[in-house]
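So this block is data_37.txt, compact mmCIF, C-alpha atoms:
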```
# COMPACT_ATOMS: atom_id res chain seq x y z
CA MET H 1 -200.71 -249.72 83.11
CA PRO H 2 -199.57 -246.88 85.43
CA ARG H 3 -195.86 -246.71 86.12
CA THR H 4 -194.53 -247.42 89.62
CA LEU H 5 -192.84 -244.24 90.75
CA PRO H 6 -189.80 -243.86 93.01
CA VAL H 7 -191.02 -242.56 96.35
CA ALA H 8 -190.51 -238.86 97.00
CA THR H 9 -191.04 -237.26 100.39
CA ILE H 10 -191.83 -233.80 101.69
CA ARG H 11 -188.54 -232.16 102.68
CA ALA H 12 -189.90 -228.97 104.24
CA GLN H 13 -192.97 -226.73 104.24
CA VAL H 14 -193.22 -223.03 104.98
CA THR H 15 -195.89 -220.33 104.81
CA VAL H 16 -195.23 -217.59 102.23
CA PRO H 17 -197.41 -214.51 101.64
CA LEU H 18 -197.90 -213.84 97.91
CA ARG H 19 -198.65 -210.50 96.22
CA PHE H 20 -198.89 -209.92 92.47
CA ALA H 21 -198.30 -206.76 90.47
CA ASP H 22 -202.05 -206.12 90.11
CA GLY H 23 -202.46 -206.12 93.90
CA TYR H 24 -203.94 -209.60 94.31
CA ALA H 25 -202.62 -211.22 97.48
CA THR H 26 -202.99 -214.57 99.17
CA THR H 27 -201.05 -216.98 101.37
CA ALA H 28 -199.41 -220.21 100.23
CA ARG H 29 -197.88 -223.19 101.95
CA VAL H 30 -194.72 -223.91 99.94
CA PHE H 31 -193.42 -227.49 99.90
CA THR H 32 -189.99 -228.79 98.93
CA PHE H 33 -189.23 -232.44 98.26
CA ASP H 34 -186.57 -235.14 98.49
CA GLY H 35 -186.25 -237.99 96.00
CA LEU H 36 -187.63 -236.36 92.85
CA ALA H 37 -186.65 -238.36 89.79
CA ASP H 38 -184.99 -235.54 87.85
CA GLY H 39 -183.14 -234.04 90.82
CA ARG H 40 -184.53 -230.56 90.19
CA GLU H 41 -185.85 -228.14 92.82
CA HIS H 42 -189.57 -228.20 92.03
CA LEU H 43 -192.06 -226.55 94.40
CA ALA H 44 -195.68 -227.13 95.39
CA PHE H 45 -197.77 -224.15 96.51
CA GLY H 46 -200.70 -225.15 98.70
CA LEU H 47 -203.48 -222.56 98.28
CA GLY H 48 -206.90 -221.93 99.75
CA ASP H 49 -207.81 -224.70 102.18
CA ARG H 50 -204.46 -226.35 101.39
CA ALA H 51 -202.43 -223.36 102.63
CA GLY H 52 -202.18 -224.72 106.17
CA PRO H 53 -199.60 -227.21 107.46
CA TRP H 54 -199.92 -230.49 105.59
CA THR H 55 -200.68 -233.71 107.45
CA PRO H 56 -201.85 -237.11 106.17
CA ASP H 57 -205.34 -236.18 107.44
CA ALA H 58 -205.60 -233.90 104.38
CA LEU H 59 -206.66 -237.01 102.46
CA VAL H 60 -210.26 -236.53 103.63
CA TYR H 61 -210.72 -233.65 101.18
CA PRO H 62 -212.20 -234.10 97.69
CA PRO H 63 -209.81 -234.01 94.71
CA PRO H 64 -208.07 -230.63 94.79
CA LEU H 65 -207.60 -228.28 91.86
CA VAL H 66 -204.02 -228.70 90.62
CA ARG H 67 -202.01 -226.86 88.00
CA PRO H 68 -198.59 -228.16 86.94
CA HIS H 69 -197.01 -224.87 85.79
CA SER H 70 -193.72 -225.00 83.92
CA GLU H 71 -191.26 -222.31 84.92
CA CYS H 72 -190.96 -219.37 82.51
CA LEU H 73 -188.48 -216.81 83.79
CA THR H 74 -189.20 -214.36 80.99
CA GLY H 75 -192.98 -214.53 81.39
CA ASP H 76 -193.47 -215.30 85.08
CA VAL H 77 -190.89 -212.84 86.42
CA PHE H 78 -190.24 -210.22 83.74
CA GLY H 79 -193.69 -210.07 82.14
CA SER H 80 -192.63 -211.11 78.64
CA GLN H 81 -195.46 -210.76 76.14
CA ARG H 82 -194.14 -213.52 73.85
CA CYS H 83 -196.14 -216.11 75.80
CA ASP H 84 -199.08 -216.35 78.18
CA CYS H 85 -197.18 -217.95 81.07
CA GLY H 86 -197.26 -215.03 83.49
CA PRO H 87 -201.01 -214.36 83.14
CA GLN H 88 -201.72 -218.11 83.35
CA MET H 89 -199.78 -218.39 86.62
CA ARG H 90 -201.51 -215.34 88.08
CA GLU H 91 -204.93 -216.70 87.06
CA ALA H 92 -204.10 -220.16 88.41
CA VAL H 93 -203.11 -218.89 91.85
CA GLU H 94 -206.46 -217.12 92.31
CA LEU H 95 -208.54 -220.00 90.94
CA ILE H 96 -206.74 -222.54 93.11
CA ALA H 97 -206.93 -220.30 96.18
CA ASP H 98 -210.70 -220.08 95.67
CA ALA H 99 -211.16 -223.82 95.09
CA GLY H 100 -208.40 -225.24 97.27
CA GLY H 101 -205.47 -227.11 95.80
CA PHE H 102 -201.90 -226.88 94.60
CA LEU H 103 -199.82 -225.04 92.03
CA LEU H 104 -196.85 -227.25 91.09
CA TYR H 105 -194.04 -224.96 89.95
CA LEU H 106 -191.91 -227.17 87.73
CA ARG H 107 -188.36 -226.16 86.82
CA GLN H 108 -188.55 -227.09 83.15
CA GLU H 109 -188.01 -223.85 81.27
CA GLY H 110 -188.78 -223.61 77.55
CA ARG H 111 -190.94 -226.76 77.41
CA GLY H 112 -188.08 -228.60 79.08
CA ILE H 113 -185.13 -227.42 76.97
CA GLY H 114 -183.74 -224.83 79.41
CA LEU H 115 -183.46 -221.06 79.49
CA TYR H 116 -180.54 -220.55 77.10
CA ALA H 117 -181.99 -222.97 74.56
CA LYS H 118 -185.36 -221.23 74.85
CA LEU H 119 -183.74 -217.93 73.94
CA ASP H 120 -181.97 -219.67 71.03
CA ALA H 121 -185.41 -220.86 69.96
CA TYR H 122 -186.66 -217.27 70.10
CA LEU H 123 -184.04 -216.33 67.50
CA LEU H 124 -185.30 -219.09 65.22
CA GLN H 125 -188.89 -217.97 65.79
CA ASP H 126 -187.91 -214.44 64.80
CA ALA H 127 -186.55 -215.95 61.59
CA GLY H 128 -189.92 -217.57 60.81
CA LEU H 129 -190.17 -220.90 62.66
CA ASP H 130 -192.98 -221.60 65.08
CA THR H 131 -192.27 -222.66 68.66
CA TYR H 132 -192.40 -226.39 67.92
CA GLU H 133 -190.31 -226.11 64.76
CA ALA H 134 -187.69 -224.09 66.61
CA ASN H 135 -187.29 -226.78 69.29
CA LEU H 136 -186.91 -229.45 66.61
CA ALA H 137 -184.34 -227.35 64.74
CA LEU H 138 -182.27 -227.18 67.94
CA GLY H 139 -182.28 -230.97 68.26
CA TYR H 140 -185.00 -231.30 70.90
CA THR H 141 -188.47 -232.78 70.69
CA GLU H 142 -191.45 -230.48 70.17
CA ASP H 143 -192.09 -230.63 73.92
CA ASP H 144 -189.43 -232.09 76.22
CA ARG H 145 -191.45 -231.79 79.42
CA ASP H 146 -191.83 -234.81 81.66
CA TYR H 147 -194.33 -234.88 84.51
CA THR H 148 -192.81 -237.72 86.54
CA ALA H 149 -191.66 -235.32 89.25
CA ALA H 150 -195.12 -233.71 89.30
CA ALA H 151 -196.72 -237.11 89.91
CA GLN H 152 -194.16 -237.84 92.65
CA MET H 153 -194.98 -234.51 94.32
CA LEU H 154 -198.68 -235.32 94.29
CA GLN H 155 -197.93 -238.78 95.66
CA ALA H 156 -195.86 -237.25 98.48
CA LEU H 157 -198.78 -234.94 99.27
CA GLY H 158 -201.05 -237.98 99.48
CA LEU H 159 -202.97 -237.22 96.30
CA SER H 160 -203.90 -239.80 93.68
CA ARG H 161 -206.93 -237.92 92.23
CA VAL H 162 -206.93 -234.31 91.05
CA ALA H 163 -208.96 -231.81 89.07
CA LEU H 164 -206.44 -230.58 86.51
CA LEU H 165 -206.25 -226.87 85.66
CA SER H 166 -204.79 -227.00 82.16
CA ASN H 167 -205.55 -226.70 78.45
CA ASN H 168 -202.80 -229.18 77.60
CA PRO H 169 -204.02 -232.75 76.97
CA ASP H 170 -200.46 -234.10 77.31
CA LYS H 171 -200.38 -233.15 80.99
CA ALA H 172 -203.50 -235.21 81.68
CA ALA H 173 -202.22 -238.13 79.60
CA GLN H 174 -198.82 -238.21 81.29
CA LEU H 175 -200.26 -237.93 84.79
CA GLY H 176 -202.68 -240.75 83.99
CA ARG H 177 -199.81 -243.00 82.90
CA LEU H 178 -198.02 -242.09 86.13
CA GLY H 179 -200.89 -243.22 88.33
CA VAL H 180 -202.67 -239.91 88.95
CA THR H 181 -206.39 -239.96 88.16
CA VAL H 182 -207.57 -236.72 86.54
CA THR H 183 -211.21 -236.45 87.60
CA GLU H 184 -211.84 -233.41 85.38
CA ARG H 185 -209.96 -230.92 83.25
CA VAL H 186 -210.60 -227.27 84.08
CA PRO H 187 -209.63 -224.86 81.27
CA THR H 188 -207.56 -221.76 81.82
CA GLY H 189 -208.39 -218.45 80.20
CA VAL H 190 -207.11 -217.33 76.81
CA HIS H 191 -204.61 -214.55 77.51
CA LEU H 192 -204.38 -213.29 73.95
CA SER H 193 -202.47 -210.24 72.74
CA PRO H 194 -200.88 -209.15 69.44
CA ALA H 195 -197.47 -210.19 70.81
CA ASN H 196 -198.43 -213.79 71.64
CA ALA H 197 -201.03 -214.51 68.95
CA ARG H 198 -198.71 -216.74 66.93
CA TYR H 199 -197.59 -218.58 70.04
CA LEU H 200 -201.17 -219.33 71.13
CA ALA H 201 -202.31 -220.31 67.64
CA THR H 202 -199.41 -222.78 67.42
CA LYS H 203 -200.34 -224.33 70.77
CA ALA H 204 -203.95 -224.72 69.65
CA VAL H 205 -203.17 -226.17 66.22
CA ARG H 206 -199.96 -228.17 66.72
CA GLY H 207 -200.21 -228.97 70.42
CA ALA H 208 -203.97 -229.65 70.53
CA HIS H 209 -204.37 -227.29 73.48
CA THR H 210 -208.01 -226.51 74.17
CA LEU H 211 -207.68 -222.81 73.42
CA ASP H 212 -210.46 -220.87 71.76
CA VAL H 213 -208.19 -218.78 69.54
CA PRO H 214 -210.17 -217.54 66.52
CA LEU H 215 -208.13 -217.98 63.34
CA VAL H 216 -208.84 -216.11 60.14
CA GLY H 217 -207.53 -217.11 56.71
CA PRO H 218 -205.10 -219.88 55.74
CA PRO H 219 -202.39 -221.11 58.14
CA ALA H 220 -199.70 -218.99 56.46
CA GLN H 221 -201.59 -215.87 57.61
CA TRP H 222 -202.18 -216.90 61.25
CA TRP H 223 -199.01 -215.19 62.39
CA ALA H 224 -199.94 -211.73 61.15
CA GLY H 225 -201.24 -209.54 63.93
CA ASP H 226 -204.50 -208.81 62.10
CA ALA H 227 -205.17 -212.52 61.48
CA ILE H 228 -206.30 -213.05 65.06
CA ALA H 229 -209.55 -211.62 66.35
CA LEU H 230 -208.46 -209.56 69.37
```
Have the structure of the file written as structure tokens, please.
Amino acid sequence: MPRTLPVATIRAQVTVPLRFADGYATTARVFTFDGLADGREHLAFGLGDRAGPWTPDALVYPPPLVRPHSECLTGDVFGSQRCDCGPQMREAVELIADAGGFLLYLRQEGRGIGLYAKLDAYLLQDAGLDTYEANLALGYTEDDRDYTAAAQMLQALGLSRVALLSNNPDKAAQLGRLGVTVTERVPTGVHLSPANARYLATKAVRGAHTLDVPLVGPPAQWWAGDAIAL
């Protein structure tokens, strides 16, 4: 049975022009919120036909395309190649701008463990652990992310049904338990490179992400650069 959520409200909304390093540009309506369960400063970016001022009349639209995107300072801002977060965010903004919907920018770095702990996990990954094993070794769960605030944000925006832009089945499952109906799951691209091959293979195998990452040889060889078809 879906959980009853504490009510969150829209705190403010402002128009922000966006431009990415590759030259792609669009306009977003950025929303802030009061009453989010975890007290963090999460943002919603309204894109495409949702880039205008929000009013309750927006409920007449069909389910929008929504991506809950977890903050990744290293990937989103500095272009780190250890993950696919930056390219996923860039792709999501354009897809959502074309379809109409929202990018939820969630302040839960490192699958919810925080920036410093994520960098500690990097050290353990450099010593041979995968991303999930590193989080466990630091005393966290494999994935500490919680999407309660995301569901509250959608509720505040008047949305109970969404098309979900994600390869992660846990996002759909959590949102469903929180009262958000996922009408369809739209896959993101596979942003594969030699630097993030191990990271993506781990998400596909251990996290059940719907990523078409071709693996060659036994699991012990997946992390070698030539074990992934690039």
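Remark: residues at most 7 Å from position (-197.0, -226.1, 96.7) in file coordinates are Arg29, Val30, Phe31, Leu43, Ala44, Phe45, Gly46, Phe102, Leu103 and Leu104 of chain H, using all atoms listed in the file.
Of the listed residues (H:Leu95, H:Leu136, H:Leu129, H:Val182), H:Val182 comes nearest to Ser160 (chain H); the distances count all atoms listed in the file.
Within the 7 Å cut-off around region 149-155 of chain H, using all atoms listed in the file and omitting residues fewer than 5 positions from it on the same chain, the listed residues are Leu5, Val7, Ala8, Leu36, Ala37, Asp38, Pro68, Leu104, Ser160, Leu175, Leu178 and Val180 of chain H.
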Separation of CA of Phe20 (chain H) and CA of Pro87 (chain H), in Å?
-> 10.5 Å
Mind listing as a PyMOL selection string all residues within 12 Å of (-187.1, -214.9, 82.1), counting all atoms listed in the file?
-> chain H and resi 71-83+85-86+109-110+114-116+118-119
Could you check how far CA of Gly179 (chain H) sits from CA of Gly39 (chain H), in Å to one decimal?
-> 20.1 Å
Any idea what's packed within 6 Å of His42 (chain H), counting all atoms listed in the file, ignoring anything in its chain fewer than 2 positions away? Could you give it as a short mmCIF file (atom, residue, chain, number, x, y, z; two decimals) with C-alpha atoms, in the frame of the given file?
```
data_model
loop_
_atom_site.label_atom_id
_atom_site.label_comp_id
_atom_site.auth_asym_id
_atom_site.auth_seq_id
_atom_site.Cartn_x
_atom_site.Cartn_y
_atom_site.Cartn_z
CA ARG H 40 -184.53 -230.56 90.19
CA TYR H 105 -194.04 -224.96 89.95
CA LEU H 106 -191.91 -227.17 87.73
CA ARG H 107 -188.36 -226.16 86.82
#
```
Name all residues at most 7 Å from Ala163 (chain H) (count all atoms listed in the file; drop same-chain ones fewer than 3 positions away) and give them as a PDB file with C-alpha atoms, keeping the file's coordinate frame.
```
ATOM      1  CA  PRO H  63    -209.810-234.010  94.710  1.00  0.00           C
ATOM      2  CA  PRO H  64    -208.070-230.630  94.790  1.00  0.00           C
ATOM      3  CA  LEU H  65    -207.600-228.280  91.860  1.00  0.00           C
ATOM      4  CA  VAL H  66    -204.020-228.700  90.620  1.00  0.00           C
ATOM      5  CA  VAL H 182    -207.570-236.720  86.540  1.00  0.00           C
ATOM      6  CA  THR H 183    -211.210-236.450  87.600  1.00  0.00           C
ATOM      7  CA  GLU H 184    -211.840-233.410  85.380  1.00  0.00           C
ATOM      8  CA  ARG H 185    -209.960-230.920  83.250  1.00  0.00           C
ATOM      9  CA  VAL H 186    -210.600-227.270  84.080  1.00  0.00           C
TER      10      VAL H 186
END
```
Quick one: pull the distance between CA of Gln174 (chain H) and CA of Ala156 (chain H), Å, one decimal.
-> 17.5 Å
